[in-house]
Amino acid sequence: MLRFECDYGEGAAQPVLDLLQKTNLEQTPGYGEDEYCAAAADKIRTLCDAPDAAVHFFVGATQANLTVIDAALKPWQGVLCAETGHIHVHETGSIEATGHKCLALPAKAGKITAEQIRAAVQAHRVNPSHEHEVQPGMVYLSNPTEVGTLYTKEELTDISATCYDLGLTLFVDGARMAYGLMSPANDLNLQDYAALCDVFYLGGTKCGALFGEAVVITNDDLKEDFRYAIKQHGGMLAKGRLLGLQFLALLDGEDGSGCSPYFTMAAEADRQALEIRKAFTEKGIGLLHDSPTNQQFFVLPDAWYNTLAEQYAMSEMGKPDDEHTAVRICTSWATRPEAVAQLIADVQKL
């Protein structure tokens with residue numbers, strides 16, 4: 001069985017394992033206060049051209065999401081997000097468990113717009129009963145989105161300006177950021193995220209690390225006492241150096257050109273995904289979502305789905321009708337070329 005159902009099915013990229021092994025018996029301070037976390041944070045600040053940014057490392061994305069959101073919002077506030085947003089549909093109510101509500105907006109291709117955000121906030125403010133309702137205090141985006149699509153620089157700039165005008169915090173979930181940044185359809189870079197967002201993160205778990213996400217805070221109002229929030233939410237890893245080390249390995253040699261393992265592996269995964277997409281579309285298969293990243297979504301005749309499912313693990317995305325099954329096929333930093341070639345060959349035989 002070849003597995004294409006997600007981008008976190010493997011362990012870690014070799015440079016990560018090598019650096020972990022090399023430093024295994026070193027003794028360092030705990031809780032992320034070691035030289036490796038400091039060096040990784042400095043590297044990220046340099047790449048973001050954000051020398052004053054605060055950088056904090058988390059084990060996983062759900063932990064990062066709920067900690068950031070809970071720390072940024074007042075007790076009566078909620079977070080605007082797409083109805084397909086990860087925090088709304090795939091995190092088991094973790095945001096609500098902190099006392100904050102996900103305020104979901106209708107999504108188009110996994111995205112929401114500046115106009116929707118403004119309309120939602122204005123509707124709340126003019127409502128005579130607004131003090132009896134959850135107040136929007138933040139906007140959450142993921143880029144790439146849950147369906148593999150990308151916000152453009154123009155779209156993110158418009159959303160950022162709207163959030164600033166309305167007094168909302170803008171938070172971008174970057175669990176798959178590497179795949180987004182290296183997509184041929186992308187026009188954003190790390191400096192743009194730092195300039196346009198209050199807080200965002202570079203994902204590691206899905207992008208070559210054993211585990212780990214690097215949260216970058218550029219809004220000074222969110223920086224103070226943030227480590228208290230990390231500790232309270234169980235996010236302060238005693239062996240914190242394991243997180244910094246992994247980002248040092250993934251970003252080794254990076255000069256802004258995408259030459260480090262973090263970016264080269266993601267670029268290859270995107271290329272493989274688009275090769276697979278080409279094979280499916282040449283057979284006349286329709287797309288459930290038009291994704292330019294490592295997640296691809298296809299609508300397969302049931303007979304074709306059943307044939308492929310015998311050899312390939314895919315994420316089932318529901319049945320659009322009685323005769324078709326929608327699937328997600330995902331490449332990753334570790335997807336082997338021979339696995340892609342075999343899948344393409346089998347698709348061509350259908």
# chains A, B, ... in the order shown; residues from 1 in each chain; ligands from 1

call {"tool": "residues_around", "arguments": {"residues": "A:Gln135", "least_positions_apart": "5", "cutoff": "9 Å", "atoms": "only C-alpha atoms", "output": "JSON, numbers by chain"}}
result
{"A": [76, 77, 78, 79, 121, 124, 125, 130]}

call {"tool": "write_last_selection", "arguments": {"atoms": "N, CA, C and O atoms", "output": "short mmCIF file (atom, residue, chain, number, x, y, z; two decimals), in the first residue's frame"}}
result
data_model
loop_
_atom_site.label_atom_id
_atom_site.label_comp_id
_atom_site.auth_asym_id
_atom_site.auth_seq_id
_atom_site.Cartn_x
_atom_site.Cartn_y
_atom_site.Cartn_z
N TRP A 76 -14.69 37.57 26.08
CA TRP A 76 -15.98 37.61 25.39
C TRP A 76 -15.84 37.64 23.87
O TRP A 76 -16.82 37.81 23.16
N GLN A 77 -14.62 37.46 23.38
CA GLN A 77 -14.40 37.57 21.94
C GLN A 77 -14.26 36.21 21.27
O GLN A 77 -13.90 35.21 21.89
N GLY A 78 -14.54 36.21 19.97
CA GLY A 78 -14.39 35.02 19.14
C GLY A 78 -13.53 35.32 17.94
O GLY A 78 -13.07 36.45 17.73
N VAL A 79 -13.33 34.29 17.10
CA VAL A 79 -12.41 34.39 15.97
C VAL A 79 -13.17 34.10 14.67
O VAL A 79 -13.80 33.04 14.53
N VAL A 121 -18.30 42.12 11.03
CA VAL A 121 -18.03 43.00 12.17
C VAL A 121 -19.04 44.13 12.25
O VAL A 121 -19.56 44.47 13.33
N HIS A 124 -22.33 42.95 13.57
CA HIS A 124 -22.30 42.79 15.02
C HIS A 124 -22.44 44.14 15.72
O HIS A 124 -23.20 44.28 16.69
N ARG A 125 -21.73 45.14 15.23
CA ARG A 125 -21.68 46.43 15.92
C ARG A 125 -23.01 47.18 15.85
O ARG A 125 -23.33 47.95 16.77
N HIS A 130 -25.85 43.49 20.53
CA HIS A 130 -24.47 43.07 20.32
C HIS A 130 -23.76 42.68 21.61
O HIS A 130 -22.89 41.80 21.60
#

call {"tool": "closest_atom_pairs", "arguments": {"of": "stretch 48-134 of chain A", "to": "stretch 284-305 of chain A", "cutoff": "12 Å", "atoms": "only C-alpha atoms", "output": "Markdown table"}}
result
| residue | atom | partner | partner_atom | distance |
| --- | --- | --- | --- | --- |
| A:Lys108 | CA | A:His289 | CA | 10.1 |
| A:Ala109 | CA | A:His289 | CA | 6.7 |
| A:Gly110 | CA | A:His289 | CA | 8.8 |
| A:Lys111 | CA | A:His289 | CA | 11.7 |

call {"tool": "write_last_selection", "arguments": {"atoms": "N, CA and C atoms", "output": "PDB file, in the first residue's frame"}}
result
ATOM      1  N   LYS A 108     -15.299  30.443  -0.160  1.00  0.00           N
ATOM      2  CA  LYS A 108     -15.237  30.134  -1.586  1.00  0.00           C
ATOM      3  C   LYS A 108     -13.819  29.665  -1.868  1.00  0.00           C
ATOM      4  N   ALA A 109     -13.712  28.432  -2.352  1.00  0.00           N
ATOM      5  CA  ALA A 109     -12.396  27.823  -2.570  1.00  0.00           C
ATOM      6  C   ALA A 109     -11.560  27.856  -1.294  1.00  0.00           C
ATOM      7  N   GLY A 110     -12.213  27.688  -0.150  1.00  0.00           N
ATOM      8  CA  GLY A 110     -11.513  27.643   1.126  1.00  0.00           C
ATOM      9  C   GLY A 110     -11.123  28.984   1.691  1.00  0.00           C
ATOM     10  N   LYS A 111     -11.505  30.082   1.020  1.00  0.00           N
ATOM     11  CA  LYS A 111     -11.033  31.407   1.421  1.00  0.00           C
ATOM     12  C   LYS A 111     -12.207  32.313   1.818  1.00  0.00           C
TER      13      LYS A 111
END

call {"tool": "residues_around", "arguments": {"residues": "stretch 136-144 of chain A", "least_positions_apart": "2", "cutoff": "7 Å", "atoms": "only C-alpha atoms", "output": "count of residues only"}}
result
23

call {"tool": "select_by_dssp", "arguments": {"residues": "stretch 207-325 of chain A", "states": "strand (DSSP E or B)", "output": "MDAnalysis selection string"}}
result
chainID A and resid 213:217 286:289 295:301 312:313 315:316 321 324:325

call {"tool": "residues_around", "arguments": {"residues": "A:Gln348", "least_positions_apart": "5", "cutoff": "8 Å", "atoms": "only C-alpha atoms", "output": "compact mmCIF listing (two decimals) with C-alpha atoms, in the first residue's frame"}}
result
# COMPACT_ATOMS: atom_id res chain seq x y z
CA ALA A 279 -2.27 12.54 -15.08
CA PHE A 280 -5.78 12.63 -13.62
CA LYS A 283 -8.00 11.13 -18.13

call {"tool": "closest_residue", "arguments": {"among": "A:Gln246, A:Thr23, A:Gln116, A:Gln63", "to": "A:Cys207", "atoms": "only C-alpha atoms"}}
result
A:Gln246

call {"tool": "select_by_dssp", "arguments": {"residues": "stretch 159-283 of chain A", "states": "helix (DSSP H, G or I)", "output": "number ranges by chain"}}
result
A: 159-166, 177-181, 190-196, 220-223, 226-232, 241-250, 261-282

call {"tool": "residues_around", "arguments": {"residues": "A:Gly318", "least_positions_apart": "4", "cutoff": "10 Å", "atoms": "only C-alpha atoms", "output": "list in words"}}
result
Val299, His324, Thr325, Ala326 and Val327 of chain A

call {"tool": "residues_around", "arguments": {"residues": "A:Asp34", "least_positions_apart": "4", "cutoff": "9 Å", "atoms": "only C-alpha atoms", "output": "ChimeraX atom specification"}}
result
/A:28-30,38-39,240-241,244

call {"tool": "write_last_selection", "arguments": {"atoms": "N, CA and C atoms", "output": "PDB file, in the first residue's frame"}}
result
ATOM      1  N   THR A  28      21.718  21.206  27.769  1.00  0.00           N
ATOM      2  CA  THR A  28      21.296  22.585  27.537  1.00  0.00           C
ATOM      3  C   THR A  28      20.214  22.963  28.547  1.00  0.00           C
ATOM      4  N   PRO A  29      19.977  24.248  28.749  1.00  0.00           N
ATOM      5  CA  PRO A  29      18.819  24.654  29.550  1.00  0.00           C
ATOM      6  C   PRO A  29      17.527  24.140  28.909  1.00  0.00           C
ATOM      7  N   GLY A  30      16.489  24.049  29.700  1.00  0.00           N
ATOM      8  CA  GLY A  30      15.213  23.545  29.195  1.00  0.00           C
ATOM      9  C   GLY A  30      14.246  24.637  28.775  1.00  0.00           C
ATOM     10  N   ALA A  38      17.439  29.839  20.352  1.00  0.00           N
ATOM     11  CA  ALA A  38      17.778  31.247  20.117  1.00  0.00           C
ATOM     12  C   ALA A  38      18.309  31.437  18.697  1.00  0.00           C
ATOM     13  N   ALA A  39      19.142  30.520  18.234  1.00  0.00           N
ATOM     14  CA  ALA A  39      19.700  30.630  16.881  1.00  0.00           C
ATOM     15  C   ALA A  39      18.620  30.430  15.829  1.00  0.00           C
ATOM     16  N   GLY A 240      12.893  21.654  25.130  1.00  0.00           N
ATOM     17  CA  GLY A 240      12.550  22.603  24.075  1.00  0.00           C
ATOM     18  C   GLY A 240      13.577  22.696  22.972  1.00  0.00           C
ATOM     19  N   ARG A 241      14.807  22.353  23.272  1.00  0.00           N
ATOM     20  CA  ARG A 241      15.856  22.442  22.266  1.00  0.00           C
ATOM     21  C   ARG A 241      15.568  21.555  21.060  1.00  0.00           C
ATOM     22  N   GLY A 244      13.930  23.853  18.414  1.00  0.00           N
ATOM     23  CA  GLY A 244      14.848  24.771  17.766  1.00  0.00           C
ATOM     24  C   GLY A 244      15.816  24.058  16.843  1.00  0.00           C
TER      25      GLY A 244
END

call {"tool": "atom_distance", "arguments": {"atom1": "atom CA of A:Ala107", "atom2": "atom CA of A:Glu83"}}
result
6.0 Å

call {"tool": "residues_around", "arguments": {"residues": "A:Val55", "least_positions_apart": "6", "cutoff": "7 Å", "atoms": "only C-alpha atoms", "output": "list in words"}}
result
Ala41, Ala214, Val215, Val216 and Ile217 of chain A

call {"tool": "atom_distance", "arguments": {"atom1": "atom CA of A:Ala266", "atom2": "atom CA of A:Ser94"}}
result
28.4 Å

call {"tool": "closest_residue", "arguments": {"among": "A:Ala249, A:Ala309, A:Ala61, A:Leu66", "to": "A:Ala175", "atoms": "only C-alpha atoms"}}
result
A:Ala61
